Amino acid sequence: MSETGVIHDIGYQRYEGPRLGRAAAIKALYVHGLRAAYGLGRPPKAKIFPWLVAGVTLLIAVILAAVRSQVPEFEFTYAQFDDSLSWLIIFFVAILAPSLVSRDIRSGTLPLYFSRPLRAADYVLAKFLAMVSAVWLLLGVPQFIMFLGAAFTTDKGMTGVWDEVRELVPGWAYSLLWALLFTSIGLLVASLTGKQAFAAGGIVAIFLMTTPVVGVLASLPASAANHLAFLASPMTLVSGVGAWALGNDIGIDIGRYGPIYGIEAFCLITACLLLLLARYRKVAAL
Amino acid sequence: MNIIATQALTKTYGGGVTALADLSVEVEPGVIGLVGANGAGKSTFIKIMLGLIAPTSGTVRVFGLDPVTETDKVRARVGYMPENDCLPPDMSASEFVTHLARMSGLPATAARERASEALRHVGLYEERYRQIGGYSTGMKQRVKLAQALVHDPDLLLLDEPTNGLDPAGRDAMLGLIQRIGTDFGISVVVCSHLLGEVERICDSLIAIQAGRLLRADRISSMTEASDVLAVEVSEGTEELAARLTEMGFPVSRDGRMLLVPLDSDAAYDRILRAVADLELNLHRLDQRRHRVAELFTKKETADV
């Protein structure tokens, strides 16, 4: 190199460095999506909503942790935490999914992605994982705060902490279930339109309209109908799977039909992902 | 070595719409114009080269690679600038181009450096931290060009790069493209329906019409001197025409000019002498050049 302090017009320089494969691109898109979910790297306006929601959940967690440490007979499980925040999760998903997916459709950025090594499946995978992570963090972090509160105030020593861990892990799994199901539905709806407001409205509408169906079915005189009623809405479906797989006692009676809830949740997530993939296969052909 | 080679390339969309028919072309490095009317099959050709759609029949090779089976290798060496708006308004140009560099597989640090470089080359260095939403159309086109350039491709596919630009912006963009082709050593395919601008900056030209190849050749050979001499005199045009006809030249008139076919070198001198003998004031005497536009007009009249 020549002496410092002299500005040279170096002209165009070829790139000789490494070109990482698709896996690196997927990872970069995942990190980008997760950051964008919480408004990082985006204008201040985009930070307001996610941090407001996150703030509310954190505040609730801190209060719960405080109350649980002071009032030993106060029972509030990690699963109950998720269930009581269900509407907050829905609004979070309704804002997040369009900002992850509809924005790219609206601004026409997709051809730029798909003229690069990235494939439709890679794009779907990265966005899906980013949003699952974002939703899971929204629930998982406050649950961890509750855990910390309980672990530090337990009077049974290490066994108390261990008991708490054994409750936290199913709680986290339950949060993951929320994240998986709501992400797949949310992304599918959002991928259909470039208008963020429409997408958000559509997502909320799906949850709003299915809730009364559960109410109607649950009040039918047939017991099978009552036990299966919770299949009708994604929100109660999650609760149902939680009641069956994790033994959550959350006040819904699904009878012996637990496995059906599990199968439906699995099928719903798979179907949404396949449809999402089909949708992006079409878009990727420009 | 050819950068693009196709053989009997055909693309038929469902419903029997033929976008490309029997296209065989070999393209050498340089700045290449791809011209044709709207719907002539330019975009389809670009999509096939990017491996976004597979040809119905025939073969295509980009750098000797098949875009259908070796998609990643082809895309690593090709940069694409789409025709339509494709920029998110709420990101800065720097962030956006960096992001797309990473999508091309560049490591984080290299992506940032090359994004800055690419934006500097297109003339957006100062403004690169501003939101794209606040950019003018000309600046947006430059961002689109920068993202195509960021991963250092060997070939750029530019779809209507001067779309929506004012005359000054158009000149600047064409100048930039020419510079990329000549100084950066990157081959460029410029897609356009405006023949005039392509003609100005390209070394060679591929003209397609209704999915078929009209002609693919170097611009220089398309605009080579024709064997027609244009003569214009201040007055006495009739006299000169009569004299030349007398001398055995099949003269035709074009406004104030006389067009005389040249069959030999001697003919040039004989015409000049005829003008001198009549003591006319010569305004213009030039050998007409073929214009690229004739490519389309001739064909169209032949079709009728």
# chains A, B, ... in the order shown; residues from 1 in each chain; ligands from 1
$ interface_residues --of "chain A" --to "chain B" --cutoff "6 Å" --atoms "only C-alpha atoms" --output "short mmCIF file (atom, residue, chain, number, x, y, z; two decimals) with C-alpha atoms, in the first residue's frame"
data_model
loop_
_atom_site.label_atom_id
_atom_site.label_comp_id
_atom_site.auth_asym_id
_atom_site.auth_seq_id
_atom_site.Cartn_x
_atom_site.Cartn_y
_atom_site.Cartn_z
CA TYR A 12 -14.03 -1.14 -9.38
CA TYR A 15 -14.76 -9.73 -5.11
CA ARG A 19 -19.35 -17.14 -1.41
CA LEU A 20 -21.30 -19.02 1.23
CA GLY A 21 -24.11 -21.26 0.13
CA ALA A 25 -28.42 -17.03 3.15
CA SER A 107 -42.62 -3.53 -2.26
CA GLY A 108 -42.02 -6.18 -4.94
CA THR A 109 -38.77 -7.35 -3.36
CA ARG A 116 -30.32 -15.19 -5.97
CA PRO A 117 -29.45 -18.74 -4.89
CA ALA A 285 -41.45 -18.12 -10.89
#
$ residues_around --residues "region 201-206 of chain B" --least-positions-apart "2" --cutoff "10 Å" --atoms "only C-alpha atoms" --output "JSON, numbers by chain"
{"B": [25, 26, 27, 28, 29, 30, 31, 32, 33, 34, 35, 36, 42, 174, 175, 176, 177, 178, 179, 181, 188, 189, 190, 191, 195, 196, 197, 198, 199, 208, 213, 214, 215, 216, 217, 218, 219, 220, 221, 222, 292]}
$ residues_around --residues "region 262-276 of chain A" --least-positions-apart "5" --cutoff "6 Å" --atoms "only C-alpha atoms" --output "list in words"
Leu181, Ser184, Leu188 and Val241 of chain A
$ write_last_selection --atoms "N, CA and C atoms" --output "PDB file, in the first residue's frame"
ATOM      1  N   LEU A 181     -48.346 -22.893  15.839  1.00  0.00           N
ATOM      2  CA  LEU A 181     -49.681 -22.882  15.237  1.00  0.00           C
ATOM      3  C   LEU A 181     -50.047 -21.487  14.740  1.00  0.00           C
ATOM      4  N   SER A 184     -47.944 -20.372  11.631  1.00  0.00           N
ATOM      5  CA  SER A 184     -48.284 -20.958  10.336  1.00  0.00           C
ATOM      6  C   SER A 184     -49.570 -20.358   9.783  1.00  0.00           C
ATOM      7  N   LEU A 188     -49.569 -17.717   6.468  1.00  0.00           N
ATOM      8  CA  LEU A 188     -50.347 -18.103   5.288  1.00  0.00           C
ATOM      9  C   LEU A 188     -51.288 -16.971   4.874  1.00  0.00           C
ATOM     10  N   VAL A 241     -54.620 -29.354  23.008  1.00  0.00           N
ATOM     11  CA  VAL A 241     -53.387 -30.129  22.876  1.00  0.00           C
ATOM     12  C   VAL A 241     -52.597 -30.056  24.181  1.00  0.00           C
TER      13      VAL A 241
END
$ residues_around --residues "Val204 (chain A)" --least-positions-apart "4" --cutoff "9 Å" --atoms "only C-alpha atoms" --output "list in words"
Ile90, Phe91, Val93, Ala94, Ala199, Ala200, Leu208 and Met209 of chain A
$ residues_around --residues "Tyr280 (chain A)" --least-positions-apart "4" --cutoff "10 Å" --atoms "only C-alpha atoms" --output "list in words"
Leu110, Phe114, Arg119, Ala120, Ala121, Tyr123, Val124, Ser191, Leu192, Leu274, Leu275, Leu276, Ala284, Ala285 and Leu286 of chain A
$ write_last_selection --atoms "C-alpha atoms" --output "compact mmCIF listing (two decimals), in the first residue's frame"
# COMPACT_ATOMS: atom_id res chain seq x y z
CA LEU A 110 -39.38 -11.04 -4.00
CA PHE A 114 -35.45 -15.36 -6.05
CA ARG A 119 -35.34 -20.92 -3.24
CA ALA A 120 -39.00 -20.59 -2.35
CA ALA A 121 -38.67 -23.26 0.35
CA TYR A 123 -37.52 -18.21 2.04
CA VAL A 124 -40.55 -19.84 3.67
CA SER A 191 -48.72 -14.19 2.19
CA LEU A 192 -51.95 -13.75 0.26
CA LEU A 274 -47.47 -26.69 2.42
CA LEU A 275 -49.89 -24.05 1.17
CA LEU A 276 -47.35 -21.37 2.00
CA ALA A 284 -40.73 -17.48 -7.22
CA ALA A 285 -41.45 -18.12 -10.89
CA LEU A 286 -42.16 -14.35 -10.94
$ residues_around --residues "Ala230 (chain B)" --least-positions-apart "3" --cutoff "10 Å" --atoms "only C-alpha atoms" --output "compact mmCIF listing (two decimals) with all heavy atoms, in the first residue's frame"
# COMPACT_ATOMS: atom_id res chain seq x y z
N ASP B 227 -24.50 1.10 -49.59
CA ASP B 227 -23.99 1.52 -50.89
C ASP B 227 -24.91 2.56 -51.55
O ASP B 227 -25.19 2.50 -52.72
CB ASP B 227 -23.80 0.31 -51.80
CG ASP B 227 -24.98 -0.62 -51.71
OD1 ASP B 227 -25.97 -0.24 -51.03
OD2 ASP B 227 -24.93 -1.71 -52.28
N SER B 252 -33.08 8.28 -57.04
CA SER B 252 -34.39 8.46 -56.39
C SER B 252 -34.30 9.68 -55.49
O SER B 252 -33.21 10.06 -55.05
CB SER B 252 -34.75 7.21 -55.59
OG SER B 252 -33.76 6.99 -54.61
N ARG B 253 -35.44 10.32 -55.25
CA ARG B 253 -35.43 11.54 -54.47
C ARG B 253 -35.91 11.26 -53.04
O ARG B 253 -36.78 10.44 -52.83
CB ARG B 253 -36.33 12.60 -55.10
CG ARG B 253 -35.78 13.12 -56.41
CD ARG B 253 -36.41 14.43 -56.76
NE ARG B 253 -36.16 15.46 -55.76
CZ ARG B 253 -36.28 16.75 -56.01
NH1 ARG B 253 -36.66 17.17 -57.19
NH2 ARG B 253 -36.06 17.64 -55.06
N ASP B 254 -35.30 11.96 -52.11
CA ASP B 254 -35.75 11.84 -50.71
C ASP B 254 -35.74 13.25 -50.15
O ASP B 254 -34.71 13.75 -49.71
CB ASP B 254 -34.79 10.92 -49.94
CG ASP B 254 -35.18 10.82 -48.48
OD1 ASP B 254 -36.30 11.23 -48.13
OD2 ASP B 254 -34.36 10.32 -47.68
N ARG B 256 -35.10 16.89 -50.14
CA ARG B 256 -34.19 17.72 -50.94
C ARG B 256 -32.97 16.94 -51.40
O ARG B 256 -32.09 17.49 -52.04
CB ARG B 256 -33.75 18.93 -50.11
CG ARG B 256 -34.87 19.90 -49.80
CD ARG B 256 -34.42 20.93 -48.78
NE ARG B 256 -33.23 21.66 -49.23
CZ ARG B 256 -33.27 22.73 -50.01
NH1 ARG B 256 -34.42 23.21 -50.43
NH2 ARG B 256 -32.14 23.34 -50.37
N MET B 257 -32.92 15.70 -51.01
CA MET B 257 -31.74 14.90 -51.33
C MET B 257 -31.99 13.97 -52.51
O MET B 257 -33.10 13.56 -52.77
CB MET B 257 -31.33 14.07 -50.12
CG MET B 257 -30.67 14.88 -49.02
SD MET B 257 -30.07 13.82 -47.74
CE MET B 257 -31.56 13.17 -47.08
N LEU B 258 -30.91 13.65 -53.18
CA LEU B 258 -30.95 12.63 -54.22
C LEU B 258 -30.21 11.41 -53.68
O LEU B 258 -29.10 11.53 -53.16
CB LEU B 258 -30.26 13.14 -55.48
CG LEU B 258 -30.93 14.29 -56.23
CD1 LEU B 258 -30.05 14.74 -57.38
CD2 LEU B 258 -32.29 13.87 -56.75
N LEU B 259 -30.82 10.27 -53.82
CA LEU B 259 -30.15 9.04 -53.38
C LEU B 259 -29.67 8.29 -54.61
O LEU B 259 -30.47 7.94 -55.48
CB LEU B 259 -31.12 8.18 -52.56
CG LEU B 259 -31.70 8.85 -51.32
CD1 LEU B 259 -32.67 7.93 -50.63
CD2 LEU B 259 -30.58 9.26 -50.37
N VAL B 260 -28.37 8.05 -54.65
CA VAL B 260 -27.80 7.38 -55.82
C VAL B 260 -27.09 6.11 -55.37
O VAL B 260 -26.19 6.17 -54.55
CB VAL B 260 -26.77 8.31 -56.50
CG1 VAL B 260 -26.41 7.76 -57.88
CG2 VAL B 260 -27.30 9.73 -56.60
N PRO B 261 -27.48 4.99 -55.91
CA PRO B 261 -26.77 3.76 -55.55
C PRO B 261 -25.35 3.77 -56.13
O PRO B 261 -25.15 4.24 -57.25
CB PRO B 261 -27.60 2.65 -56.22
CG PRO B 261 -28.83 3.31 -56.71
CD PRO B 261 -28.57 4.76 -56.87
N ARG B 284 -24.28 18.65 -49.34
CA ARG B 284 -24.04 17.42 -48.61
C ARG B 284 -23.72 16.29 -49.58
O ARG B 284 -24.32 16.21 -50.67
CB ARG B 284 -25.32 17.06 -47.83
CG ARG B 284 -25.18 15.79 -47.00
CD ARG B 284 -26.49 15.12 -46.84
NE ARG B 284 -27.37 15.86 -45.93
CZ ARG B 284 -27.89 15.32 -44.84
NH1 ARG B 284 -27.64 14.09 -44.53
NH2 ARG B 284 -28.68 16.03 -44.09
N LEU B 285 -22.75 15.52 -49.20
CA LEU B 285 -22.42 14.34 -50.00
C LEU B 285 -21.97 13.28 -49.02
O LEU B 285 -20.88 13.35 -48.49
CB LEU B 285 -21.28 14.71 -50.97
CG LEU B 285 -20.85 13.61 -51.95
CD1 LEU B 285 -21.89 13.40 -53.04
CD2 LEU B 285 -19.51 13.95 -52.56
N ASP B 286 -22.85 12.39 -48.69
CA ASP B 286 -22.39 11.37 -47.73
C ASP B 286 -22.93 9.99 -48.07
O ASP B 286 -23.98 9.83 -48.70
CB ASP B 286 -22.72 11.76 -46.30
CG ASP B 286 -24.21 11.90 -46.05
OD1 ASP B 286 -24.99 11.42 -46.89
OD2 ASP B 286 -24.59 12.52 -45.04
N GLN B 287 -22.14 9.03 -47.64
CA GLN B 287 -22.56 7.66 -47.82
C GLN B 287 -23.51 7.32 -46.69
O GLN B 287 -23.17 7.51 -45.52
CB GLN B 287 -21.32 6.76 -47.78
CG GLN B 287 -21.49 5.53 -48.63
CD GLN B 287 -20.17 4.87 -48.90
OE1 GLN B 287 -19.11 5.43 -48.61
NE2 GLN B 287 -20.21 3.69 -49.47
N ARG B 288 -24.69 6.90 -47.01
CA ARG B 288 -25.67 6.62 -45.95
C ARG B 288 -25.30 5.37 -45.18
O ARG B 288 -24.79 4.41 -45.75
CB ARG B 288 -27.05 6.43 -46.58
CG ARG B 288 -27.48 7.59 -47.41
CD ARG B 288 -28.91 7.81 -47.28
NE ARG B 288 -29.25 8.72 -46.22
CZ ARG B 288 -30.51 8.98 -45.93
NH1 ARG B 288 -31.47 8.38 -46.55
NH2 ARG B 288 -30.80 9.84 -44.99
$ residues_around --residues "Thr98 (chain B)" --least-positions-apart "4" --cutoff "6 Å" --atoms "only C-alpha atoms" --output "ChimeraX atom specification"
/B:111-112,115
$ write_last_selection --atoms "N, CA and C atoms" --output "tab-separated table (two decimals), in the first residue's frame"
chain	number	residue	atom	x	y	z
B	111	ALA	N	-20.26	-8.22	2.93
B	111	ALA	CA	-21.52	-7.71	2.39
B	111	ALA	C	-21.63	-6.21	2.62
B	112	ARG	N	-21.25	-5.77	3.85
B	112	ARG	CA	-21.33	-4.35	4.17
B	112	ARG	C	-20.37	-3.54	3.31
B	115	ALA	N	-21.55	-3.46	-0.31
B	115	ALA	CA	-22.75	-2.64	-0.48
B	115	ALA	C	-22.34	-1.17	-0.59
